[in-house]
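Enquirer: Take a look at protein17.tsv, TSV, C-alpha atoms:
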chain	number	residue	atom	x	y	z
B	109	MET	CA	24.26	226.75	178.95
B	110	LYS	CA	25.38	229.82	180.87
B	111	PHE	CA	25.93	232.94	178.80
B	112	ALA	CA	28.42	235.81	178.69
B	113	TRP	CA	28.06	239.54	178.33
B	114	ILE	CA	31.26	241.33	177.34
B	115	ASP	CA	31.88	244.78	178.86
B	116	LEU	CA	33.78	246.93	176.37
B	117	ARG	CA	34.09	249.97	178.62
B	118	ASN	CA	37.32	248.90	180.29
B	119	VAL	CA	38.87	247.04	177.36
B	120	PRO	CA	42.09	248.76	176.22
B	121	ALA	CA	41.48	250.69	173.01
B	122	GLU	CA	44.14	248.72	171.14
B	123	HIS	CA	42.32	245.45	171.91
B	124	ARG	CA	38.73	246.62	171.50
B	125	GLU	CA	38.29	245.70	167.82
B	126	ALA	CA	39.78	242.24	168.33
B	127	VAL	CA	37.58	241.68	171.40
B	128	VAL	CA	34.47	242.66	169.43
B	129	ASP	CA	35.42	240.32	166.57
B	130	ALA	CA	36.10	237.49	169.01
B	131	SER	CA	32.80	238.11	170.82
B	132	ILE	CA	30.84	237.91	167.58
B	133	HIS	CA	32.73	234.84	166.38
B	134	ALA	CA	32.33	233.06	169.73
B	135	ARG	CA	28.61	233.92	169.77
B	136	VAL	CA	28.54	235.64	173.12
B	137	ASP	CA	25.06	236.61	174.23
B	138	GLY	CA	25.59	240.36	174.66
B	139	ILE	CA	28.02	243.27	174.45
B	140	VAL	CA	27.84	246.18	176.89
B	141	ASP	CA	29.18	249.63	175.99
B	142	SER	CA	28.57	253.27	176.84
B	143	ASP	CA	28.73	254.32	173.17
B	144	PRO	CA	25.39	253.73	171.40
B	145	GLU	CA	26.98	254.38	168.01
B	146	ARG	CA	29.45	251.51	168.50
B	147	LEU	CA	26.62	249.28	169.62
B	148	ALA	CA	24.63	250.18	166.50
B	149	LEU	CA	27.44	248.75	164.36
B	150	LEU	CA	27.14	245.31	165.94
B	151	PRO	CA	25.20	242.56	164.14
B	152	ASN	CA	21.82	241.52	165.51
B	153	THR	CA	23.26	238.11	166.41
B	154	VAL	CA	24.40	239.68	169.69
B	155	LYS	CA	22.41	241.64	172.28
B	156	ARG	CA	23.40	245.29	172.26
B	157	VAL	CA	23.40	246.59	175.83
B	158	LEU	CA	23.82	250.25	176.75
B	159	ALA	CA	25.70	250.82	180.00
B	160	PRO	CA	24.05	252.70	182.89
B	161	GLY	CA	24.10	256.50	182.59
B	162	ALA	CA	24.99	256.55	178.89
B	163	PRO	CA	22.80	258.68	176.60
B	164	VAL	CA	20.56	256.63	174.33
B	165	GLY	CA	20.83	258.90	171.30
B	166	GLY	CA	18.57	259.17	168.27
B	167	ASP	CA	20.46	256.58	166.19
B	168	ALA	CA	20.28	253.83	168.78
B	169	PRO	CA	19.10	250.44	167.46
B	170	GLU	CA	15.47	249.60	168.20
B	171	ASP	CA	16.38	246.40	170.04
B	172	LEU	CA	18.85	248.17	172.33
B	173	ILE	CA	18.77	246.93	175.93
B	174	VAL	CA	19.22	249.92	178.23
B	175	LEU	CA	20.73	249.19	181.64
B	176	ARG	CA	19.42	251.58	184.27
B	177	GLU	CA	21.07	251.83	187.67
B	178	VAL	CA	18.77	251.15	190.60
B	179	VAL	CA	19.71	252.72	193.94
B	180	ASP	CA	16.38	252.82	195.78
B	181	THR	CA	12.85	251.41	195.78
B	182	ASP	CA	11.51	254.36	193.77
B	183	GLY	CA	13.94	253.64	190.97
B	184	LEU	CA	13.08	249.97	190.98
B	185	GLY	CA	9.36	250.79	190.98
B	186	ALA	CA	9.84	252.99	187.91
B	187	LEU	CA	11.51	250.11	186.05
B	188	GLU	CA	8.78	247.70	187.08
B	189	ASN	CA	6.20	250.15	185.71
B	190	LEU	CA	8.11	250.37	182.42
B	191	HIS	CA	8.07	246.59	182.15
B	192	ARG	CA	4.38	246.34	183.01
B	193	GLY	CA	3.73	249.06	180.43
B	194	GLY	CA	5.14	246.92	177.63
B	195	GLU	CA	8.91	247.44	177.61
B	196	LYS	CA	10.08	243.93	176.76
B	197	ASP	CA	13.75	244.10	177.76
B	198	THR	CA	13.74	246.24	180.89
B	199	ALA	CA	17.13	245.86	182.55
B	200	ALA	CA	18.47	246.94	185.94
B	201	TRP	CA	21.99	247.40	187.25
B	202	VAL	CA	22.28	247.05	191.02
B	203	ASN	CA	25.47	247.69	192.94
B	204	VAL	CA	25.15	245.64	196.13
B	205	VAL	CA	26.98	247.41	198.94
B	206	ASP	CA	24.71	246.71	201.93
B	207	ASP	CA	21.51	244.98	202.99
B	208	PRO	CA	19.07	247.50	201.39
B	209	THR	CA	20.78	247.24	198.00
B	210	LEU	CA	20.86	243.45	198.36
B	211	LYS	CA	17.07	243.53	198.80
B	212	LEU	CA	16.81	245.73	195.68
B	213	ALA	CA	18.85	243.19	193.70
B	214	CYS	CA	16.60	240.34	194.87
B	215	GLU	CA	13.44	242.22	193.91
B	216	ALA	CA	14.82	243.25	190.52
B	217	ALA	CA	15.90	239.69	189.76
B	218	ARG	CA	12.41	238.46	190.60
B	219	GLU	CA	10.52	241.07	188.56
B	220	LEU	CA	12.59	242.21	185.58
B	221	PRO	CA	13.78	240.48	182.38
B	222	PHE	CA	17.46	241.36	183.03
B	223	THR	CA	19.27	242.21	186.24
B	224	VAL	CA	23.01	242.87	186.33
B	225	VAL	CA	24.45	242.71	189.83
B	226	GLU	CA	27.78	244.08	191.02
B	227	PHE	CA	29.04	243.22	194.49
B	228	LYS	CA	31.30	245.42	196.61
B	229	ASP	CA	32.57	242.64	198.86
B	230	PRO	CA	34.40	239.47	197.77
B	231	THR	CA	32.11	237.10	199.70
B	232	LYS	CA	29.63	235.14	197.57
B	233	ILE	CA	26.93	235.06	200.29
B	234	PRO	CA	24.99	238.02	198.76
B	235	LEU	CA	25.11	236.30	195.36
B	236	GLU	CA	23.73	233.12	196.93
B	237	ILE	CA	20.84	235.16	198.33
B	238	VAL	CA	20.07	236.79	194.97
B	239	ILE	CA	20.26	233.46	193.13
B	240	ALA	CA	17.86	231.89	195.63
B	241	ALA	CA	15.47	234.85	195.40
B	242	ALA	CA	15.40	234.69	191.59
B	243	ASP	CA	15.22	230.90	191.33
B	244	ALA	CA	11.61	230.76	190.10
B	245	SER	CA	11.81	233.96	188.06
B	246	PRO	CA	11.73	233.91	184.24
B	247	GLY	CA	14.18	236.82	184.16
B	248	GLN	CA	17.92	236.46	183.69
B	249	LEU	CA	20.47	237.26	186.38
B	250	ILE	CA	23.89	238.48	185.22
B	251	CYS	CA	26.71	238.86	187.73
B	252	GLN	CA	29.76	241.02	187.16
B	253	ALA	CA	33.06	239.13	187.42
B	254	ALA	CA	36.54	240.61	187.68
B	255	ASP	CA	38.07	237.88	185.52
B	256	ILE	CA	37.51	234.37	184.14
B	257	GLU	CA	38.58	232.72	187.40
B	258	GLU	CA	35.90	234.59	189.32
B	259	ALA	CA	33.39	233.87	186.54
B	260	GLN	CA	33.97	230.15	187.11
B	261	ILE	CA	33.24	230.57	190.82
B	262	ILE	CA	30.09	232.57	190.09
B	263	VAL	CA	28.54	229.98	187.79
B	264	ASP	CA	29.08	227.29	190.45
B	265	VAL	CA	27.51	229.17	193.38
B	266	LEU	CA	24.67	227.10	194.89
B	267	GLU	CA	25.33	224.55	192.10
B	268	LYS	CA	23.23	226.85	189.92
B	269	GLY	CA	25.05	230.14	189.62
B	270	SER	CA	23.75	233.17	187.82
B	271	GLU	CA	22.48	232.65	184.29
B	272	GLY	CA	25.08	235.02	182.91
B	273	VAL	CA	28.38	236.66	183.74
B	274	LEU	CA	29.61	240.10	182.74
B	275	VAL	CA	33.37	240.30	182.15
B	276	ALA	CA	35.68	242.97	180.75
B	277	PRO	CA	38.27	240.86	178.87
B	278	ARG	CA	41.87	241.93	178.53
B	279	SER	CA	42.17	240.47	175.04
B	280	ALA	CA	40.40	238.35	172.43
B	281	ASN	CA	41.90	235.23	174.02
B	282	ASP	CA	39.97	235.99	177.21
B	283	VAL	CA	36.73	236.00	175.24
B	284	PHE	CA	37.34	232.53	173.81
B	285	ALA	CA	38.48	231.20	177.21
B	286	LEU	CA	35.35	232.59	178.88
B	287	VAL	CA	32.98	231.06	176.34
B	288	GLU	CA	34.75	227.70	176.54
B	289	MET	CA	34.54	227.75	180.32
B	290	LEU	CA	30.81	228.42	180.18
B	291	ARG	CA	30.29	225.73	177.56
B	292	VAL	CA	31.82	222.94	179.64
B	293	LYS	CA	29.23	220.30	180.49
B	294	THR	CA	29.99	216.68	181.02
B	295	PRO	CA	28.02	214.55	178.53
B	296	ASP	CA	26.07	211.44	179.42
B	297	LEU	CA	27.88	208.14	178.92
B	298	GLN	CA	26.45	204.98	177.42
B	299	LEU	CA	26.70	202.24	180.03
B	300	GLN	CA	26.55	198.57	179.15
B	301	THR	CA	25.76	195.39	181.01
B	302	LEU	CA	28.91	193.34	181.57
B	303	THR	CA	28.83	189.64	182.47
B	304	VAL	CA	31.27	188.31	185.06
B	305	GLU	CA	33.56	185.62	183.62
B	306	SER	CA	35.79	184.93	186.62
B	307	ILE	CA	36.82	186.09	190.10
B	308	GLU	CA	40.37	185.55	191.40
B	309	HIS	CA	42.05	186.24	194.75
B	310	LEU	CA	45.36	187.90	193.88
B	311	GLY	CA	47.11	188.54	197.19
B	312	LEU	CA	48.59	191.73	198.59
B	313	GLY	CA	48.84	194.95	196.58
B	314	ASP	CA	48.25	198.68	196.76
B	315	ARG	CA	44.71	199.97	196.39
B	316	VAL	CA	43.40	203.53	196.18
B	317	CYS	CA	40.39	205.14	197.81
B	318	ILE	CA	39.30	208.38	196.15
B	319	ASP	CA	37.92	210.78	198.75
B	320	THR	CA	36.11	213.54	196.88
B	321	CYS	CA	34.69	216.93	197.84
B	322	THR	CA	31.21	215.71	196.88
B	323	HIS	CA	28.36	213.77	198.44
B	324	PHE	CA	27.55	210.95	196.00
B	325	GLU	CA	24.01	209.87	195.23
B	326	LYS	CA	23.18	206.25	196.00
B	327	ASP	CA	23.29	205.28	192.30
B	328	GLU	CA	26.54	207.13	191.57
B	329	GLY	CA	30.12	206.00	191.41
B	330	MET	CA	33.19	206.18	189.18
B	331	LEU	CA	34.28	204.13	186.18
B	332	VAL	CA	37.48	202.22	186.93
B	333	GLY	CA	39.30	199.51	184.99
B	334	SER	CA	42.63	197.86	184.27
B	335	TYR	CA	42.26	198.48	180.53
B	336	ALA	CA	41.71	201.79	178.77
B	337	HIS	CA	38.90	200.25	176.73
B	338	GLY	CA	36.73	198.93	179.55
B	339	PHE	CA	35.51	200.14	182.93
B	340	VAL	CA	33.29	198.92	185.77
B	341	LEU	CA	31.06	201.31	187.71
B	342	CYS	CA	32.43	201.28	191.28
B	343	VAL	CA	29.86	202.57	193.75
B	344	SER	CA	30.48	205.07	196.52
B	345	GLU	CA	30.36	204.22	200.21
B	346	THR	CA	27.00	205.98	200.48
B	347	HIS	CA	25.22	202.73	201.36
B	348	PRO	CA	25.25	201.58	205.01
B	349	LEU	CA	27.69	198.91	206.11
B	350	PRO	CA	28.08	196.95	209.34
B	351	TYR	CA	30.98	197.82	211.68
B	352	MET	CA	31.72	201.22	210.10
B	353	PRO	CA	29.99	204.53	209.24
B	354	THR	CA	29.18	205.47	205.66
B	355	ARG	CA	31.67	207.55	203.67
B	356	PRO	CA	29.38	209.19	201.11
B	357	PHE	CA	32.30	211.08	199.57
B	358	ARG	CA	34.45	207.97	198.95
B	359	ILE	CA	35.01	205.50	196.13
B	360	ASN	CA	37.05	202.41	197.03
B	361	ALA	CA	38.28	202.51	193.48
B	362	GLY	CA	40.84	199.81	192.81
B	363	ALA	CA	44.48	198.89	192.45
B	364	LEU	CA	47.09	201.60	192.00
B	365	HIS	CA	47.64	200.93	188.28
B	366	SER	CA	43.96	201.28	187.34
B	367	TYR	CA	42.49	203.79	184.96
B	368	VAL	CA	39.65	206.07	186.07
B	369	PHE	CA	37.45	207.51	183.33
B	370	GLY	CA	37.28	211.31	183.42
B	371	ALA	CA	35.94	214.30	181.53
B	372	ASP	CA	36.77	215.05	177.89
B	373	ASN	CA	37.14	211.32	177.15
B	374	ARG	CA	40.39	211.25	179.11
B	375	THR	CA	41.61	208.68	181.61
B	376	ASN	CA	43.97	209.02	184.55
B	377	TYR	CA	45.87	206.41	186.48
B	378	LEU	CA	44.71	206.26	190.07
B	379	SER	CA	48.36	206.88	190.97
B	380	GLU	CA	48.18	210.31	189.27
B	381	LEU	CA	45.25	211.67	191.24
B	382	LYS	CA	45.81	214.08	194.13
B	383	ALA	CA	43.95	216.73	196.09
B	384	GLY	CA	42.36	219.13	193.62
B	385	SER	CA	42.29	216.73	190.64
B	386	PRO	CA	39.07	216.86	188.58
B	387	VAL	CA	37.28	213.51	188.21
B	388	LEU	CA	33.94	212.30	186.89
B	389	ALA	CA	31.01	211.01	188.92
B	390	VAL	CA	28.84	208.66	186.88
B	391	GLY	CA	25.26	207.60	187.60
B	392	ALA	CA	23.72	204.23	186.82
B	393	ASP	CA	21.68	205.95	184.09
B	394	GLY	CA	24.84	207.31	182.43
B	395	ARG	CA	24.59	210.89	183.67
B	396	THR	CA	27.89	212.48	184.65
B	397	ARG	CA	29.16	215.46	186.60
B	398	ARG	CA	32.58	216.95	187.24
B	399	ILE	CA	33.75	216.66	190.85
B	400	VAL	CA	37.01	217.35	192.69
B	401	VAL	CA	39.34	215.05	194.61
B	402	GLY	CA	39.86	216.03	198.23
B	403	ARG	CA	42.37	213.31	199.12
B	404	ILE	CA	43.81	210.05	197.82
B	405	LYS	CA	44.18	207.21	200.32
B	406	LEU	CA	46.64	204.50	199.26
B	407	GLU	CA	47.08	201.40	201.43
B	408	SER	CA	48.27	197.82	200.97
B	409	ARG	CA	45.38	195.37	201.03
B	410	PRO	CA	44.54	191.90	199.66
B	411	LEU	CA	43.31	192.27	196.08
B	412	LEU	CA	40.55	190.66	194.04
B	413	GLY	CA	40.56	190.36	190.26
B	414	ILE	CA	37.24	190.64	188.41
B	415	ARG	CA	37.11	189.70	184.74
B	416	ALA	CA	33.95	190.48	182.80
B	417	VAL	CA	32.89	190.69	179.16
B	418	SER	CA	30.63	193.04	177.23
B	419	PRO	CA	27.83	191.82	174.91
B	420	GLU	CA	30.25	192.43	171.99
B	421	GLY	CA	32.90	190.25	173.57
B	422	VAL	CA	35.16	193.03	174.86
B	423	GLU	CA	37.05	191.89	177.96
B	424	VAL	CA	36.98	194.20	180.96
B	425	SER	CA	39.25	193.82	184.00
B	426	LEU	CA	38.97	195.40	187.43
B	427	ILE	CA	41.22	194.77	190.43
B	428	VAL	CA	39.84	195.93	193.77
B	429	GLN	CA	40.38	195.41	197.46
B	430	ASP	CA	39.40	191.85	198.40
B	431	ASP	CA	36.79	192.71	201.01
B	432	TRP	CA	33.04	192.30	201.30
B	433	HIS	CA	32.43	196.01	201.89
B	434	VAL	CA	33.85	196.97	198.46
B	435	ARG	CA	30.98	197.28	196.01
B	436	VAL	CA	30.13	197.81	192.36
B	437	LEU	CA	26.85	198.62	190.65
B	438	GLY	CA	24.76	196.27	188.57
B	439	PRO	CA	21.77	196.89	186.25
B	440	GLY	CA	19.06	198.93	187.91
B	441	ALA	CA	21.69	200.41	190.27
B	442	ALA	CA	21.83	197.14	192.22
B	443	VAL	CA	24.60	197.32	194.85
B	444	LEU	CA	26.86	194.25	194.62
B	445	ASN	CA	29.53	193.19	197.11
B	446	VAL	CA	32.60	192.20	195.13
B	447	THR	CA	33.45	189.11	197.24
B	448	GLU	CA	30.00	187.67	196.49
B	449	LEU	CA	30.29	188.01	192.72
B	450	LYS	CA	30.25	184.81	190.70
B	451	LYS	CA	30.40	183.82	187.07
B	452	GLY	CA	27.31	184.98	185.19
B	453	ASP	CA	26.55	187.97	187.43
B	454	GLN	CA	25.92	191.25	185.65
B	455	LEU	CA	27.70	194.56	186.27
B	456	LEU	CA	27.34	198.05	184.86
B	457	GLY	CA	30.28	199.37	182.89
B	458	HIS	CA	31.47	201.40	179.95
B	459	VAL	CA	33.33	200.17	176.88
B	460	ALA	CA	35.51	202.64	174.96
B	461	THR	CA	36.93	202.00	171.51
B	462	ASP	CA	39.89	204.35	171.89
B	463	LYS	CA	43.47	203.39	172.61
B	464	ARG	CA	45.26	205.70	175.03
B	465	HIS	CA	48.51	207.59	175.35
B	466	VAL	CA	49.02	209.58	178.59
B	467	GLY	CA	45.27	209.31	179.04
B	468	TRP	CA	44.24	210.85	175.74
B	469	PRO	CA	42.55	208.81	172.97
B	470	VAL	CA	44.91	208.04	170.11
B	471	GLY	CA	44.58	206.07	166.89
B	472	GLU	CA	47.44	203.63	167.27
B	473	PHE	CA	48.00	199.89	167.66
B	474	CYS	CA	47.87	198.86	171.31
B	475	VAL	CA	47.15	195.59	173.06
B	476	GLU	CA	46.18	195.35	176.72
B	477	LYS	CA	45.75	192.03	178.50
Now that the file is in, can you turn its structure into structure tokens?

Expert:
Amino acid sequence: MKFAWIDLRNVPAEHREAVVDASIHARVDGIVDSDPERLALLPNTVKRVLAPGAPVGGDAPEDLIVLREVVDTDGLGALENLHRGGEKDTAAWVNVVDDPTLKLACEAARELPFTVVEFKDPTKIPLEIVIAAADASPGQLICQAADIEEAQIIVDVLEKGSEGVLVAPRSANDVFALVEMLRVKTPDLQLQTLTVESIEHLGLGDRVCIDTCTHFEKDEGMLVGSYAHGFVLCVSETHPLPYMPTRPFRINAGALHSYVFGADNRTNYLSELKAGSPVLAVGADGRTRRIVVGRIKLESRPLLGIRAVSPEGVEVSLIVQDDWHVRVLGPGAAVLNVTELKKGDQLLGHVATDKRHVGWPVGEFCVEK
């Protein structure tokens, strides 16, 4: 999990106490301030971090992390000597304004336990360079963010992001929102083997292709189904096909009415998706990741109905385009052309016990057939 450091220096005085309480309650990793006496009052469940240039003072806690600004190689060398001499939590603050300071940030991130980086320019290219430089380092890289929106961008840079973000919240609500944003991770799903019961040619209807902003792996797809309780793993067009190039970003998902299984145990109708919608990529081993829709492509095509059943007897239905190049995944990530499916074939899918209302699970009586 990524972690947050809260910068108290720019928090309005009237909100400071509430922000501190929220930070402790939300279990943020660290709190940065220029007042060592305020830091001394914090519990030891949170890292106490003294801002650059602030006096340490005689009453400072023993475990205080002191941020020291690094502006040249001599300053960085002094910090490296402190760390080699036994200082456990040596921490640097580097303001990246040009190429020399970018090199300082890279070196600090490689050599020191903590490196906080501030960037003058809005481009994330320097951050990408620092993240790459520190990739094999045991130290922790913390990047300053102007707000929660920028913090989200920072933790996604190079699909890795910095380990931590430093944010000055406007209120206690910002603290909780930041921690929740950092906590978000899509959990693995339990996939089951479904057995095909029947295949039926249904005639013309509207089907949806989901073009995402992501390159799918060969064993990845999306869970799609006619019922909220059962889904089939539809594979991406990553695998080669005759007569047409691969579309490694695309899922030929199914008929317009279908549900697609998403994050937070929520479903969406395919008809609801649009550019920018978050969706869930699912691997044949059950791993998941959040991805983004780039475009929805709806066209009228002949449709094929697939009816399958889980080992517990739960019926699963999927309606897809009736064409050989539309594929689903079977056990072992086997790629199966839908028009070649027959009774007894096995598919990968997911069975949910929840009923649904506007996509959210709800405990109510509901029959789908």

Enquirer: Using CA of Thr223 (chain B) and CA of Cys251 (chain B) as the two end points, give the distance in Å to one decimal.

Expert: 8.3 Å

Enquirer: Which residue out of B:Val202, B:Ala363, B:Leu444, B:Ala244 has the minimum interatomic distance to Phe222 (chain B) when only C-alpha atoms are used?

Expert: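 When distances to Phe222 (chain B) are compared using only C-alpha atoms, the smallest one comes from B:Val202.
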
Enquirer: Excluding region 393-400 of chain B and residues on its chain fewer than 6 positions from it, collect all residues at most 6 Å away from it, counting all atoms listed in the file, and give them as a ChimeraX atom specification.

Expert: /B:294,296-299,320-321,384-387

Enquirer: Can you tell me, as a compact mmCIF listing (two decimals) with C-alpha atoms, in the frame of the given file, what residues are no more than 8 Å from Ala112 (chain B) when counting only C-alpha atoms, ignoring any on the same chain fewer than 4 positions away?

Expert:
# COMPACT_ATOMS: atom_id res chain seq x y z
CA VAL B 136 28.54 235.64 173.12
CA ASP B 137 25.06 236.61 174.23
CA GLY B 138 25.59 240.36 174.66
CA GLY B 272 25.08 235.02 182.91
CA VAL B 273 28.38 236.66 183.74
CA LEU B 274 29.61 240.10 182.74
CA VAL B 275 33.37 240.30 182.15
CA LEU B 286 35.35 232.59 178.88
CA VAL B 287 32.98 231.06 176.34
CA LEU B 290 30.81 228.42 180.18

Enquirer: Figure out the distance between CA of Thr447 (chain B) and CA of Ile427 (chain B), please, to one decimal in Å.

Expert: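 Interatomic distance, CA of Ile427 (chain B) to CA of Thr447 (chain B): 11.8 Å.
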
Enquirer: Rounded to one decimal place, report the CA of Ala253 (chain B)-CA of Asp129 (chain B) distance in Å.

Expert: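 Computed distance, CA of Ala253 (chain B) to CA of Asp129 (chain B), equals 21.0 Å.
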
Enquirer: Near Ser344 (chain B), within 6 Å and counting all atoms listed in the file, which residues show up once chain neighbours fewer than 5 positions away are dropped, as number ranges by chain?

Expert: B: 329, 358-359

Enquirer: Can you take the partial region 153-161 of chain B, add all heavy atoms, and return it as an mmCIF file, in the coordinates of the input?

Expert:
data_model
loop_
_atom_site.group_PDB
_atom_site.id
_atom_site.type_symbol
_atom_site.label_atom_id
_atom_site.label_comp_id
_atom_site.auth_asym_id
_atom_site.auth_seq_id
_atom_site.Cartn_x
_atom_site.Cartn_y
_atom_site.Cartn_z
ATOM 1 N N THR B 153 23.039 239.424 165.802
ATOM 2 C CA THR B 153 23.260 238.110 166.410
ATOM 3 C C THR B 153 23.678 238.223 167.871
ATOM 4 O O THR B 153 23.753 237.220 168.583
ATOM 5 C CB THR B 153 24.352 237.337 165.650
ATOM 6 O OG1 THR B 153 25.544 238.129 165.610
ATOM 7 C CG2 THR B 153 23.893 237.011 164.235
ATOM 8 N N VAL B 154 23.968 239.451 168.317
ATOM 9 C CA VAL B 154 24.400 239.680 169.690
ATOM 10 C C VAL B 154 23.520 240.752 170.310
ATOM 11 O O VAL B 154 23.099 241.698 169.629
ATOM 12 C CB VAL B 154 25.897 240.089 169.728
ATOM 13 C CG1 VAL B 154 26.127 241.378 168.994
ATOM 14 C CG2 VAL B 154 26.404 240.193 171.155
ATOM 15 N N LYS B 155 23.170 240.600 171.592
ATOM 16 C CA LYS B 155 22.410 241.640 172.280
ATOM 17 C C LYS B 155 23.272 242.874 172.430
ATOM 18 O O LYS B 155 24.425 242.797 172.851
ATOM 19 C CB LYS B 155 21.947 241.145 173.652
ATOM 20 C CG LYS B 155 20.870 240.069 173.617
ATOM 21 C CD LYS B 155 20.416 239.730 175.032
ATOM 22 C CE LYS B 155 19.297 238.696 175.041
ATOM 23 N NZ LYS B 155 19.768 237.364 174.633
ATOM 24 N N ARG B 156 22.694 244.022 172.123
ATOM 25 C CA ARG B 156 23.400 245.290 172.260
ATOM 26 C C ARG B 156 22.888 245.973 173.533
ATOM 27 O O ARG B 156 21.701 246.305 173.625
ATOM 28 C CB ARG B 156 23.171 246.147 171.026
ATOM 29 C CG ARG B 156 23.856 245.540 169.802
ATOM 30 C CD ARG B 156 23.421 246.175 168.516
ATOM 31 N NE ARG B 156 22.159 245.632 168.024
ATOM 32 C CZ ARG B 156 21.713 245.782 166.770
ATOM 33 N NH1 ARG B 156 22.450 246.449 165.894
ATOM 34 N NH2 ARG B 156 20.562 245.279 166.405
ATOM 35 N N VAL B 157 23.805 246.164 174.492
ATOM 36 C CA VAL B 157 23.400 246.590 175.830
ATOM 37 C C VAL B 157 24.089 247.907 176.146
ATOM 38 O O VAL B 157 25.322 247.987 176.167
ATOM 39 C CB VAL B 157 23.766 245.524 176.883
ATOM 40 C CG1 VAL B 157 23.213 245.930 178.247
ATOM 41 C CG2 VAL B 157 23.243 244.143 176.470
ATOM 42 N N LEU B 158 23.282 248.931 176.433
ATOM 43 C CA LEU B 158 23.820 250.250 176.750
ATOM 44 C C LEU B 158 24.078 250.334 178.250
ATOM 45 O O LEU B 158 23.212 250.029 179.075
ATOM 46 C CB LEU B 158 22.844 251.341 176.323
ATOM 47 C CG LEU B 158 23.372 252.781 176.403
ATOM 48 C CD1 LEU B 158 24.533 252.987 175.422
ATOM 49 C CD2 LEU B 158 22.243 253.784 176.123
ATOM 50 N N ALA B 159 25.289 250.761 178.608
ATOM 51 C CA ALA B 159 25.700 250.820 180.000
ATOM 52 C C ALA B 159 24.908 251.872 180.772
ATOM 53 O O ALA B 159 24.375 252.828 180.183
ATOM 54 C CB ALA B 159 27.197 251.121 180.083
ATOM 55 N N PRO B 160 24.809 251.727 182.085
ATOM 56 C CA PRO B 160 24.050 252.700 182.890
ATOM 57 C C PRO B 160 24.611 254.104 182.754
ATOM 58 O O PRO B 160 25.827 254.314 182.713
ATOM 59 C CB PRO B 160 24.242 252.188 184.330
ATOM 60 C CG PRO B 160 24.594 250.760 184.186
ATOM 61 C CD PRO B 160 25.355 250.637 182.904
ATOM 62 N N GLY B 161 23.704 255.099 182.652
ATOM 63 C CA GLY B 161 24.100 256.500 182.590
ATOM 64 C C GLY B 161 24.473 256.998 181.221
ATOM 65 O O GLY B 161 24.643 258.210 181.031
#
